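Trainee: Take a look at data_21.cif, mmCIF, C-alpha atoms:
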data_my_file
loop_
_atom_site.label_atom_id
_atom_site.label_comp_id
_atom_site.auth_asym_id
_atom_site.auth_seq_id
_atom_site.Cartn_x
_atom_site.Cartn_y
_atom_site.Cartn_z
CA MET A 1 -0.44 -16.02 -60.32
CA SER A 2 -3.22 -16.93 -57.90
CA TYR A 3 -2.63 -17.01 -54.11
CA ASN A 4 -4.82 -18.95 -51.75
CA PHE A 5 -5.32 -16.56 -48.81
CA LEU A 6 -8.11 -16.19 -46.29
CA GLU A 7 -10.54 -13.43 -47.15
CA TYR A 8 -9.34 -10.07 -45.77
CA ASP A 9 -11.63 -7.05 -46.03
CA GLN A 10 -11.44 -4.20 -43.50
CA GLU A 11 -14.67 -2.70 -44.82
CA GLN A 12 -16.68 -5.88 -44.33
CA MET A 13 -19.98 -5.31 -42.49
CA LEU A 14 -20.38 -7.34 -39.29
CA LEU A 15 -23.29 -8.20 -37.03
CA LEU A 16 -21.95 -7.97 -33.48
CA PRO A 17 -23.54 -10.01 -30.70
CA PRO A 18 -26.72 -8.23 -29.54
CA SER A 19 -25.86 -8.84 -25.87
CA LEU A 20 -22.75 -7.58 -24.10
CA GLN A 21 -22.71 -10.88 -22.21
CA GLU A 22 -21.64 -12.58 -25.44
CA TRP A 23 -18.60 -10.34 -25.87
CA VAL A 24 -16.59 -12.22 -23.27
CA GLY A 25 -16.32 -15.89 -22.39
CA ASP A 26 -18.05 -17.44 -19.41
CA GLY A 27 -14.73 -18.24 -17.71
CA SER A 28 -13.15 -14.85 -18.31
CA LEU A 29 -11.72 -12.62 -15.58
CA ALA A 30 -14.10 -9.83 -16.61
CA LYS A 31 -17.11 -12.07 -15.99
CA LEU A 32 -15.80 -13.03 -12.53
CA VAL A 33 -15.15 -9.40 -11.56
CA SER A 34 -18.67 -8.51 -12.68
CA ALA A 35 -20.18 -11.41 -10.72
CA ILE A 36 -18.23 -10.49 -7.56
CA VAL A 37 -19.31 -6.85 -7.62
CA GLU A 38 -22.91 -7.73 -8.44
CA GLU A 39 -23.05 -10.12 -5.47
CA LEU A 40 -21.53 -7.53 -3.12
CA ASP A 41 -23.93 -4.91 -4.40
CA GLY A 42 -26.88 -7.25 -4.04
CA ASN A 43 -25.91 -7.93 -0.42
CA GLY A 44 -25.72 -4.21 0.32
CA GLU A 45 -21.95 -4.39 0.89
CA LEU A 46 -21.27 -1.54 -1.53
CA CYS A 47 -23.46 0.94 0.33
CA ALA A 48 -20.42 3.07 1.21
CA PHE A 49 -20.01 3.90 -2.48
CA TYR A 50 -23.58 5.24 -2.66
CA ALA A 51 -23.38 7.52 0.40
CA ARG A 52 -22.39 10.66 -1.50
CA TYR A 53 -25.18 10.48 -4.08
CA ARG A 54 -28.61 12.11 -3.79
CA THR A 55 -31.55 9.80 -3.20
CA ASP A 56 -34.28 12.06 -4.58
CA GLY A 57 -33.40 11.55 -8.24
CA TRP A 58 -32.53 15.20 -8.82
CA GLY A 59 -29.37 16.50 -10.45
CA ARG A 60 -27.25 15.31 -13.30
CA ALA A 61 -27.15 11.55 -13.81
CA ALA A 62 -24.00 9.93 -12.44
CA TYR A 63 -22.19 6.78 -13.48
CA PRO A 64 -23.37 3.75 -11.44
CA PRO A 65 -20.93 3.10 -8.57
CA ARG A 66 -20.94 -0.66 -9.13
CA MET A 67 -19.81 -0.08 -12.73
CA MET A 68 -16.96 2.17 -11.58
CA VAL A 69 -15.90 -0.42 -8.97
CA LYS A 70 -15.87 -3.16 -11.62
CA VAL A 71 -13.70 -1.08 -13.93
CA LEU A 72 -11.20 -0.22 -11.19
CA LEU A 73 -10.93 -3.79 -9.88
CA TYR A 74 -10.48 -5.15 -13.39
CA GLY A 75 -7.85 -2.51 -14.13
CA TYR A 76 -5.82 -3.32 -11.02
CA SER A 77 -6.12 -7.04 -11.80
CA LEU A 78 -4.52 -6.42 -15.20
CA GLY A 79 -2.00 -3.87 -13.90
CA VAL A 80 -3.83 -0.95 -15.54
CA ARG A 81 -3.94 1.67 -12.77
CA SER A 82 -3.64 5.00 -14.55
CA SER A 83 -7.02 6.68 -14.99
CA ARG A 84 -5.95 7.83 -18.45
CA LYS A 85 -5.02 4.29 -19.50
CA ILE A 86 -8.32 3.01 -18.10
CA GLU A 87 -10.17 5.60 -20.21
CA GLN A 88 -8.31 4.36 -23.30
CA ALA A 89 -9.09 0.74 -22.41
CA LEU A 90 -12.81 1.57 -22.19
CA GLU A 91 -12.67 2.12 -25.95
CA SER A 92 -10.20 -0.55 -27.05
CA ASP A 93 -10.51 -3.47 -24.60
CA ILE A 94 -13.47 -5.84 -24.81
CA GLY A 95 -13.30 -6.73 -21.11
CA PHE A 96 -13.44 -3.09 -20.03
CA ARG A 97 -16.24 -2.32 -22.48
CA PHE A 98 -18.25 -5.26 -21.18
CA LEU A 99 -17.86 -4.18 -17.55
CA ALA A 100 -18.73 -0.57 -18.36
CA ALA A 101 -21.64 -1.60 -20.64
CA ASN A 102 -20.15 0.72 -23.29
CA LEU A 103 -20.26 3.71 -20.94
CA LYS A 104 -17.14 5.84 -21.24
CA PRO A 105 -16.31 7.92 -18.15
CA ASN A 106 -13.31 10.16 -18.78
CA PHE A 107 -10.07 9.87 -16.83
CA ARG A 108 -10.96 12.74 -14.50
CA THR A 109 -14.22 11.05 -13.48
CA ILE A 110 -12.36 7.77 -12.86
CA SER A 111 -9.66 9.54 -10.84
CA ASP A 112 -12.17 11.51 -8.77
CA PHE A 113 -14.22 8.39 -8.02
CA ARG A 114 -11.12 6.60 -6.74
CA LEU A 115 -10.04 9.53 -4.54
CA GLU A 116 -13.54 10.11 -3.16
CA ASN A 117 -13.98 6.44 -2.19
CA LEU A 118 -10.62 5.49 -0.69
CA ALA A 119 -12.07 3.97 2.48
CA ALA A 120 -14.76 2.07 0.58
CA LEU A 121 -12.23 0.70 -1.93
CA GLU A 122 -10.03 -0.44 0.93
CA GLY A 123 -13.02 -2.23 2.47
CA LEU A 124 -13.32 -4.40 -0.65
CA PHE A 125 -10.36 -6.46 0.55
CA SER A 126 -12.25 -8.10 3.42
CA GLN A 127 -15.34 -8.62 1.26
CA VAL A 128 -13.40 -10.34 -1.54
CA LEU A 129 -11.40 -12.36 1.01
CA ARG A 130 -14.67 -13.70 2.41
CA LEU A 131 -15.64 -14.92 -1.07
CA CYS A 132 -12.25 -16.62 -1.39
CA GLN A 133 -12.77 -18.37 1.94
CA GLU A 134 -16.23 -19.51 0.88
CA ALA A 135 -14.55 -21.08 -2.17
CA GLY A 136 -12.14 -22.97 0.10
CA LEU A 137 -9.16 -20.61 -0.22
CA GLY A 138 -7.32 -18.90 2.63
CA LYS A 139 -7.91 -21.47 5.39
CA LEU A 140 -5.53 -19.82 7.91
CA GLY A 141 -3.57 -22.96 8.65
CA GLN A 142 -0.01 -21.88 7.87
CA VAL A 143 0.68 -18.32 6.73
CA ALA A 144 3.82 -16.40 5.82
CA LEU A 145 4.29 -12.74 6.66
CA ASP A 146 6.57 -10.31 4.87
CA GLY A 147 6.88 -6.69 3.81
CA ARG A 148 7.51 -5.16 0.42
CA ARG A 149 9.13 -1.76 0.06
CA VAL A 150 7.50 0.19 -2.77
CA LYS A 151 8.60 3.53 -4.18
CA ALA A 152 6.40 6.53 -3.55
CA ALA A 153 5.28 8.87 -6.33
CA THR A 154 8.41 10.96 -5.76
CA ILE A 155 12.21 10.56 -5.66
CA LEU A 156 14.91 10.66 -3.01
CA GLU A 157 16.40 13.81 -4.50
CA ARG A 158 13.28 15.73 -3.49
CA ASN A 159 14.12 15.33 0.22
CA ARG A 160 14.86 18.63 1.94
CA THR A 161 16.17 19.73 5.32
CA LYS A 162 14.35 22.33 7.40
CA GLN A 163 16.78 25.03 6.28
CA LYS A 164 16.27 24.24 2.57
CA LEU A 165 12.49 24.20 2.95
CA GLU A 166 12.47 27.53 4.76
CA GLU A 167 14.69 29.05 2.03
CA GLN A 168 12.34 27.74 -0.67
CA ALA A 169 9.27 29.05 1.15
CA ARG A 170 10.90 32.45 1.62
CA ARG A 171 11.74 32.61 -2.11
CA ILE A 172 8.16 31.78 -3.08
CA LEU A 173 6.78 34.42 -0.71
CA GLU A 174 9.19 37.03 -2.13
CA GLU A 175 8.03 36.18 -5.64
CA ALA A 176 4.41 36.48 -4.48
CA ALA A 177 5.12 39.91 -3.00
CA ALA A 178 6.73 40.98 -6.28
CA VAL A 179 3.68 39.83 -8.24
CA ASP A 180 1.37 41.68 -5.84
CA ALA A 181 3.40 44.88 -6.23
CA ALA A 182 3.37 44.60 -10.01
CA GLU A 183 -0.41 44.05 -10.05
CA ASP A 184 -0.95 47.04 -7.73
CA ALA A 185 0.98 49.20 -10.15
CA LEU A 186 -0.92 47.84 -13.15
CA TYR A 187 -4.48 47.60 -11.82
CA GLY A 188 -4.46 49.79 -8.74
CA GLU A 189 -4.71 48.69 -5.13
CA ASP A 190 -8.52 48.24 -5.23
CA SER A 191 -8.78 46.41 -8.57
CA ARG A 192 -8.57 42.65 -8.85
CA GLY A 193 -7.39 42.43 -12.46
CA ASP A 194 -7.26 39.10 -14.27
CA GLU A 195 -6.53 35.66 -12.80
CA LEU A 196 -3.01 35.01 -11.58
CA PRO A 197 -0.79 33.19 -14.08
CA GLU A 198 -0.69 29.41 -13.94
CA GLN A 199 2.93 29.47 -12.79
CA PHE A 200 2.07 31.41 -9.65
CA ARG A 201 -0.93 29.24 -8.85
CA THR A 202 1.44 26.30 -8.97
CA GLN A 203 3.79 28.07 -6.58
CA LYS A 204 0.93 28.51 -4.12
CA GLY A 205 0.46 24.75 -4.19
CA GLN A 206 4.19 24.30 -3.66
CA LEU A 207 4.07 26.62 -0.66
CA THR A 208 1.29 24.51 0.88
CA ALA A 209 3.38 21.37 0.36
CA ILE A 210 6.45 23.02 1.89
CA ARG A 211 4.48 24.07 4.97
CA ARG A 212 3.23 20.51 5.34
CA ALA A 213 6.81 19.21 5.08
CA LEU A 214 8.00 21.73 7.67
CA GLN A 215 5.26 20.52 9.99
CA GLU A 216 6.54 16.94 9.58
CA ILE A 217 10.08 18.07 10.43
CA ASN A 218 8.89 19.99 13.48
CA GLN A 219 7.03 16.94 14.74
CA ALA A 220 10.11 14.74 14.26
CA GLU A 221 12.26 17.32 16.06
CA GLU A 222 9.76 17.54 18.90
CA LYS A 223 9.82 13.74 19.27
CA ILE A 224 13.63 13.70 19.59
CA ARG A 225 13.58 16.49 22.16
CA LYS A 226 10.78 14.80 24.11
CA GLU A 227 12.68 11.49 24.25
CA HIS A 228 15.78 13.33 25.48
CA GLN A 229 13.78 15.13 28.16
CA GLU A 230 12.24 11.86 29.34
CA LYS A 231 15.72 10.34 29.75
CA VAL A 232 16.88 13.38 31.73
CA GLU A 233 13.83 13.26 33.99
CA ALA A 234 14.25 9.51 34.55
CA ARG A 235 17.83 10.01 35.73
CA GLU A 236 16.77 12.88 37.97
CA ALA A 237 14.08 10.65 39.50
CA GLN A 238 16.74 8.02 40.28
CA ARG A 239 18.91 10.63 41.96
CA ARG A 240 16.01 11.81 44.12
CA LEU A 241 15.62 8.21 45.29
CA GLY A 242 19.28 8.13 46.26
CA LYS A 243 20.29 5.91 43.36
CA ARG A 244 23.20 6.50 41.02
CA PRO A 245 22.11 6.48 37.33
CA LYS A 246 24.03 4.09 35.12
CA GLY A 247 25.80 5.19 31.97
CA ALA A 248 26.71 8.59 30.59
CA GLU A 249 24.51 11.63 30.82
CA PRO A 250 22.06 11.78 27.86
CA LYS A 251 22.95 14.35 25.23
CA LEU A 252 20.50 16.04 22.91
CA LYS A 253 21.24 14.82 19.37
CA GLU A 254 21.45 18.21 17.65
CA GLU A 255 23.20 16.71 14.64
CA LYS A 256 20.37 14.21 14.21
CA ILE A 257 17.87 17.07 14.32
CA ARG A 258 19.77 18.98 11.63
CA ARG A 259 19.81 15.89 9.41
CA ILE A 260 16.02 15.43 9.46
CA ARG A 261 14.74 15.48 5.89
CA VAL A 262 11.21 15.41 4.51
CA ASN A 263 9.98 15.05 0.95
CA PRO A 264 7.65 17.97 0.08
CA THR A 265 6.19 16.05 -2.88
CA ASP A 266 4.95 13.31 -0.54
CA PRO A 267 5.67 14.21 3.11
CA ASP A 268 4.18 10.92 4.35
CA SER A 269 6.76 8.84 2.47
CA ARG A 270 10.00 7.79 4.14
CA THR A 271 13.56 6.97 3.13
CA ILE A 272 13.75 3.17 3.23
CA LYS A 273 16.70 0.87 2.70
CA THR A 274 16.24 -2.07 0.34
CA ARG A 275 18.56 -4.72 -1.06
CA ARG A 276 19.19 -2.49 -4.06
CA GLY A 277 19.81 0.71 -2.13
CA PHE A 278 17.64 3.44 -0.68
CA ILE A 279 14.23 4.45 -1.98
CA GLN A 280 11.63 7.02 -1.01
CA GLY A 281 8.55 4.98 -0.32
CA TYR A 282 6.35 2.89 1.94
CA ASN A 283 6.37 -0.57 3.52
CA GLY A 284 3.48 -2.76 2.37
CA GLN A 285 2.67 -5.78 4.56
CA ALA A 286 1.01 -9.00 3.45
CA MET A 287 0.13 -12.21 5.29
CA VAL A 288 -0.26 -15.03 2.77
CA ASP A 289 -1.94 -18.42 3.13
CA ARG A 290 0.48 -21.24 2.28
CA GLY A 291 -1.96 -23.51 0.48
CA SER A 292 -3.61 -21.01 -1.85
CA GLN A 293 -1.31 -17.93 -1.81
CA VAL A 294 -4.35 -15.84 -0.97
CA ILE A 295 -3.57 -12.73 1.06
CA VAL A 296 -5.44 -13.11 4.35
CA ALA A 297 -4.31 -9.81 5.90
CA GLN A 298 -2.73 -6.65 4.57
CA ASP A 299 -1.57 -3.30 5.86
CA LEU A 300 0.86 -0.52 4.98
CA CYS A 301 3.16 1.59 7.15
CA GLN A 302 5.86 4.24 6.92
CA ALA A 303 8.43 2.33 8.99
CA ALA A 304 11.50 0.97 7.25
CA GLY A 305 11.64 -2.08 9.53
CA ASP A 306 9.18 -4.93 9.93
CA PHE A 307 9.51 -5.95 13.59
CA GLN A 308 6.87 -3.49 14.84
CA MET A 309 4.29 -4.87 12.36
CA LEU A 310 3.96 -8.45 13.66
CA ALA A 311 1.38 -7.66 16.35
CA PRO A 312 -0.68 -5.32 14.11
CA MET A 313 -0.70 -7.90 11.31
CA LEU A 314 -1.94 -10.66 13.61
CA ASP A 315 -4.72 -8.30 14.68
CA ARG A 316 -5.45 -7.38 11.06
CA CYS A 317 -5.76 -11.07 10.20
CA GLU A 318 -8.34 -11.51 12.92
CA GLU A 319 -10.15 -8.39 11.70
CA GLN A 320 -10.00 -9.07 7.95
CA ALA A 321 -10.05 -12.89 7.79
CA GLY A 322 -12.15 -13.55 10.90
CA ALA A 323 -9.52 -15.42 12.92
CA ARG A 324 -5.82 -15.65 13.65
CA PRO A 325 -3.66 -18.17 11.76
CA GLU A 326 -2.61 -21.42 13.39
CA VAL A 327 1.01 -20.94 12.28
CA CYS A 328 2.74 -17.70 11.29
CA ILE A 329 6.17 -17.79 9.61
CA ALA A 330 8.29 -14.63 9.39
CA ASP A 331 11.89 -13.76 8.57
CA GLY A 332 14.46 -12.19 10.89
CA GLY A 333 13.13 -8.70 10.25
CA TYR A 334 10.20 -9.47 12.55
CA TRP A 335 12.30 -10.78 15.43
CA SER A 336 12.24 -9.21 18.87
CA GLU A 337 11.93 -10.60 22.36
CA THR A 338 8.54 -8.87 22.64
CA ASN A 339 7.30 -10.36 19.37
CA ALA A 340 8.24 -13.86 20.48
CA LEU A 341 5.86 -13.47 23.44
CA LEU A 342 2.95 -12.98 21.00
CA GLU A 343 2.80 -16.74 20.52
CA ASP A 344 -0.22 -18.23 22.27
CA GLU A 345 -2.62 -21.14 22.01
CA ARG A 346 -4.12 -19.64 18.85
CA THR A 347 -0.96 -18.95 16.84
CA GLU A 348 2.42 -20.68 16.81
CA LEU A 349 5.28 -18.47 15.61
CA PHE A 350 8.33 -19.42 13.55
CA ILE A 351 10.55 -16.31 13.37
CA ALA A 352 14.16 -16.34 12.24
CA VAL A 353 16.47 -15.23 15.02
CA GLY A 354 19.58 -15.02 12.86
CA SER A 355 19.95 -15.15 9.11
CA SER A 356 16.87 -16.33 7.24
CA LEU A 357 19.05 -17.93 4.55
CA ALA A 358 20.95 -19.92 7.15
CA ILE A 359 17.73 -21.54 8.34
CA GLU A 360 16.70 -22.44 4.80
CA GLU A 361 20.08 -24.13 4.23
CA ARG A 362 20.85 -27.58 5.58
CA GLU A 363 22.97 -26.39 8.46
CA TYR A 364 21.51 -23.87 10.90
CA ARG A 365 24.04 -21.04 11.37
CA PRO A 366 22.57 -18.03 13.20
CA ARG A 367 24.27 -14.73 12.43
CA LYS A 368 24.62 -11.78 14.74
CA ARG A 369 23.40 -8.39 13.58
CA LYS A 370 24.03 -4.95 14.92
CA ASN A 371 21.21 -3.23 16.80
CA ALA A 372 19.28 -6.50 16.99
CA PRO A 373 19.94 -8.31 20.29
CA ARG A 374 19.67 -12.08 19.80
CA LYS A 375 20.80 -13.28 23.22
CA GLY A 376 17.62 -12.99 25.27
CA PRO A 377 15.75 -15.96 26.70
CA GLN A 378 13.18 -15.91 23.89
CA ALA A 379 15.96 -15.90 21.29
CA VAL A 380 17.58 -18.97 22.86
CA GLN A 381 14.22 -20.75 22.91
CA MET A 382 13.38 -19.84 19.30
CA ARG A 383 16.83 -20.94 18.06
CA LYS A 384 16.41 -24.28 19.74
CA LYS A 385 12.96 -24.62 18.21
CA LEU A 386 14.20 -23.84 14.69
CA GLU A 387 17.05 -26.33 14.95
CA ALA A 388 14.55 -29.19 14.78
CA PRO A 389 14.18 -30.68 11.27
CA ASP A 390 10.38 -30.33 11.32
CA ALA A 391 10.57 -26.66 12.28
CA ARG A 392 13.21 -25.98 9.64
CA ALA A 393 10.98 -27.62 7.03
CA ILE A 394 8.10 -25.36 8.09
CA TYR A 395 10.28 -22.25 7.90
CA LYS A 396 11.35 -23.13 4.35
CA LEU A 397 7.74 -22.64 3.32
CA ARG A 398 8.06 -18.88 3.95
CA SER A 399 9.96 -17.92 0.81
CA GLN A 400 7.83 -20.08 -1.52
CA THR A 401 4.61 -18.68 -0.03
CA VAL A 402 4.89 -14.92 0.27
CA GLU A 403 7.69 -13.94 -2.11
CA PRO A 404 5.93 -15.20 -5.27
CA VAL A 405 2.97 -13.01 -4.32
CA PHE A 406 5.16 -9.91 -4.33
CA GLY A 407 6.67 -11.06 -7.61
CA GLN A 408 3.23 -11.35 -9.16
CA MET A 409 2.34 -7.86 -7.91
CA HIS A 410 5.53 -6.53 -9.46
CA GLU A 411 4.60 -8.10 -12.78
CA ARG A 412 1.30 -6.19 -12.62
CA GLY A 413 3.16 -2.91 -12.22
CA LEU A 414 3.67 -2.51 -8.47
CA ASP A 415 7.11 -0.93 -8.72
CA GLN A 416 5.83 2.50 -7.70
CA PHE A 417 2.64 3.93 -6.24
CA LEU A 418 0.66 6.41 -8.33
CA LEU A 419 -1.04 8.22 -5.44
CA ARG A 420 0.53 10.38 -2.75
CA GLY A 421 -0.12 10.51 0.97
CA LEU A 422 -0.40 7.68 3.49
CA LYS A 423 -4.19 7.41 3.26
CA LYS A 424 -4.24 7.25 -0.54
CA VAL A 425 -1.28 4.89 -0.80
CA HIS A 426 -2.85 2.62 1.83
CA ALA A 427 -5.95 2.31 -0.36
CA GLU A 428 -3.84 1.63 -3.45
CA TRP A 429 -1.94 -1.15 -1.65
CA SER A 430 -5.26 -2.62 -0.53
CA MET A 431 -6.54 -2.55 -4.13
CA PHE A 432 -3.46 -4.48 -5.27
CA CYS A 433 -4.05 -7.09 -2.54
CA THR A 434 -7.76 -7.31 -3.41
CA SER A 435 -7.07 -7.77 -7.12
CA HIS A 436 -4.44 -10.42 -6.29
CA ASN A 437 -7.07 -12.42 -4.41
CA ILE A 438 -9.52 -12.01 -7.30
CA LEU A 439 -6.92 -13.48 -9.64
CA LYS A 440 -6.33 -16.41 -7.25
CA LEU A 441 -10.08 -17.05 -7.06
CA TRP A 442 -10.41 -16.84 -10.85
CA ARG A 443 -7.58 -19.28 -11.48
CA SER A 444 -8.92 -21.63 -8.82
CA LEU A 445 -12.35 -21.67 -10.44
CA ARG A 446 -10.86 -22.21 -13.89
CA TYR A 447 -8.79 -25.13 -12.56
CA CYS A 448 -11.85 -26.70 -10.92
CA THR A 449 -13.96 -26.43 -14.09
CA ALA A 450 -11.21 -27.50 -16.46
#
Show the structure stored in the file as structure tokens.

Mentor:
Amino acid sequence: MSYNFLEYDQEQMLLLPPSLQEWVGDGSLAKLVSAIVEELDGNGELCAFYARYRTDGWGRAAYPPRMMVKVLLYGYSLGVRSSRKIEQALESDIGFRFLAANLKPNFRTISDFRLENLAALEGLFSQVLRLCQEAGLGKLGQVALDGRRVKAATILERNRTKQKLEEQARRILEEAAAVDAAEDALYGEDSRGDELPEQFRTQKGQLTAIRRALQEINQAEEKIRKEHQEKVEAREAQRRLGKRPKGAEPKLKEEKIRRIRVNPTDPDSRTIKTRRGFIQGYNGQAMVDRGSQVIVAQDLCQAAGDFQMLAPMLDRCEEQAGARPEVCIADGGYWSETNALLEDERTELFIAVGSSLAIEEREYRPRKRKNAPRKGPQAVQMRKKLEAPDARAIYKLRSQTVEPVFGQMHERGLDQFLLRGLKKVHAEWSMFCTSHNILKLWRSLRYCTA
């Protein structure tokens, strides 16, 4: 019996392309990432990455910063964020090998480079956004603003009250004292002995984290007490003027103080309510251009709500994109009487006053919500504005503009941050936004050349 199969020989000798440029296609994402970084480096816009290196040529040779930036940007574009997975990809993935020119930094080098260049990596967002604008993307006509709640690199169950943290710290200190006493008996009071066991070194790190968490709780407690004192002093000032203060006497919320919880694994993270329940995480903000779905402004905060982020995001758009948008559309989470007054000759606002879904339906049916006053003069004016068919049509653009962007980020693995701490997580969010814009630019160029 004779089969007619293609030749299959795993020991066959091959002549690979002599140039790494031939390993990947001209229209590939890897080629675009390389071109972007090379242009930024040629313009001197990557100088922040070079600041920590010696300029006299001495010392051990380091990996080129532009190569490390290419590898990280490409990894985030593909949803490969783990430094260990990036190290594996540098051996098995043609795109990674092309960008690294067959250099193979280990995962620790990749991780250290990312942590040592958080501010510089965050600055890439504005630089890549400028390239998108030069290509005709992100024109700042109509934009949609929304926030995405992302889990921190910890869990809700790690939250602790002040009492629990103090008990844990006391237990660690007692264990440390016991270890010290045992070492004194074994080595003598003047002898150092061997290194402490790994378990105890870990406990020292835990103690540092607990002290940081206790500091967060103390600050939150101090804020509550300060607000109470300000209310008391304001009422006393009214009495001194001969006026009778309105309402009941302010009471210090002791129960609220006792309920304060902080996560020692990531003290900067906060308990945030989402549609699927509570998470321990952060609130990532993105302002997205309607025509291209390019992110024109991004930020990240600890607050569970969105309303306090409208003004900062308009400022961030001016800072990162060079100007404010002509139209900004936002859901009811951004509504407040103060926010409505942010509308000026530069930016027209369309903010839901009631239910966002009601506006997107045919009939406008505003819904009252607790703790969100919707009866002020600005609310009446905005409701009247959104009742117009043209305004309702504009508002419908919100969900189809910004929500797909978050969906695409989720598909690339943004269900949980890998880093801990506000500064590090802020940089990671920025890297996701930067890589999103790179993908939009890449697809735009492919469509234009198709």

Trainee: Within 8 Å of Phe98 of chain A, counting all atoms listed in the file, which residues show up once you throw out same-chain ones fewer than 6 positions away? Write them as a list in words, please.

Mentor: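 Contacts, with the query itself left out: Leu20, Gln21, Trp23, Val24 and Ala30 of chain A.
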
Trainee: Using only C-alpha atoms, please write the residues we just selected to a file, as a CSV table (one decimal), keeping the file's coordinate frame.

Mentor:
chain,number,residue,atom,x,y,z
A,20,LEU,CA,-22.8,-7.6,-24.1
A,21,GLN,CA,-22.7,-10.9,-22.2
A,23,TRP,CA,-18.6,-10.3,-25.9
A,24,VAL,CA,-16.6,-12.2,-23.3
A,30,ALA,CA,-14.1,-9.8,-16.6

Trainee: List, as a PyMOL selection string, every residue that the PyMOL selection byres ((chain A and resi 57-71) around 7) selects in the file provided.

Mentor: chain A and resi 33-34+37+49-50+54-56+72-75+96+99-100

Trainee: Can you list, as a ChimeraX atom specification, the residues that the PyMOL selection byres ((chain A and resi 427-443) around 8) selects here?

Mentor: /A:29,32-33,73-74,76-77,118-119,121-122,124-125,128-129,132,135,137,284,292-295,298-300,409,417,419,423-426,444-447

Trainee: Step by step: start from the point (2.3, -3.1, 10.6) in the file's coordinates, keep every protein, DNA or RNA residue that has an atom no farther than 12 Å from it, count all atoms listed in the file, and write the set as a ChimeraX atom specification.

Mentor: /A:145-148,282-287,297-317,334,426

Trainee: Which residues are near Gln142 of chain A? Cut-off 7 Å, only C-alpha atoms, ignore same chain within fewer than 4 positions. Put them as a count of residues only.

Mentor: 6

Trainee: I'd like the residues picked by the PyMOL selection byres ((chain A and resi 378) around 12) written out as a list of chain:residue names, using the chain letters and numbers from the file.

Mentor: A:Trp335, A:Ser336, A:Glu337, A:Thr338, A:Asn339, A:Ala340, A:Leu341, A:Leu342, A:Glu343, A:Leu349, A:Phe350, A:Ile351, A:Ala352, A:Val353, A:Pro373, A:Arg374, A:Lys375, A:Gly376, A:Pro377, A:Ala379, A:Val380, A:Gln381, A:Met382, A:Arg383, A:Lys384, A:Lys385

Trainee: For a test of reading the model, state the distance in Å between atom CA of Gly25 of chain A and atom CA of Thr109 of chain A, rounded to one decimal.

Mentor: 28.5 Å

Trainee: List as a PyMOL selection string the protein and nucleic acid residues near Ile272 of chain A, meaning an atom at most 7 Å away when only C-alpha atoms are counted, but skip any in the same chain fewer than 4 places from it.

Mentor: chain A and resi 278-281+304

Trainee: What is the atom CA of Gln215 of chain A-atom CA of Pro267 of chain A distance in Å, reported with one decimal?

Mentor: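 A separation of 9.3 Å between them.
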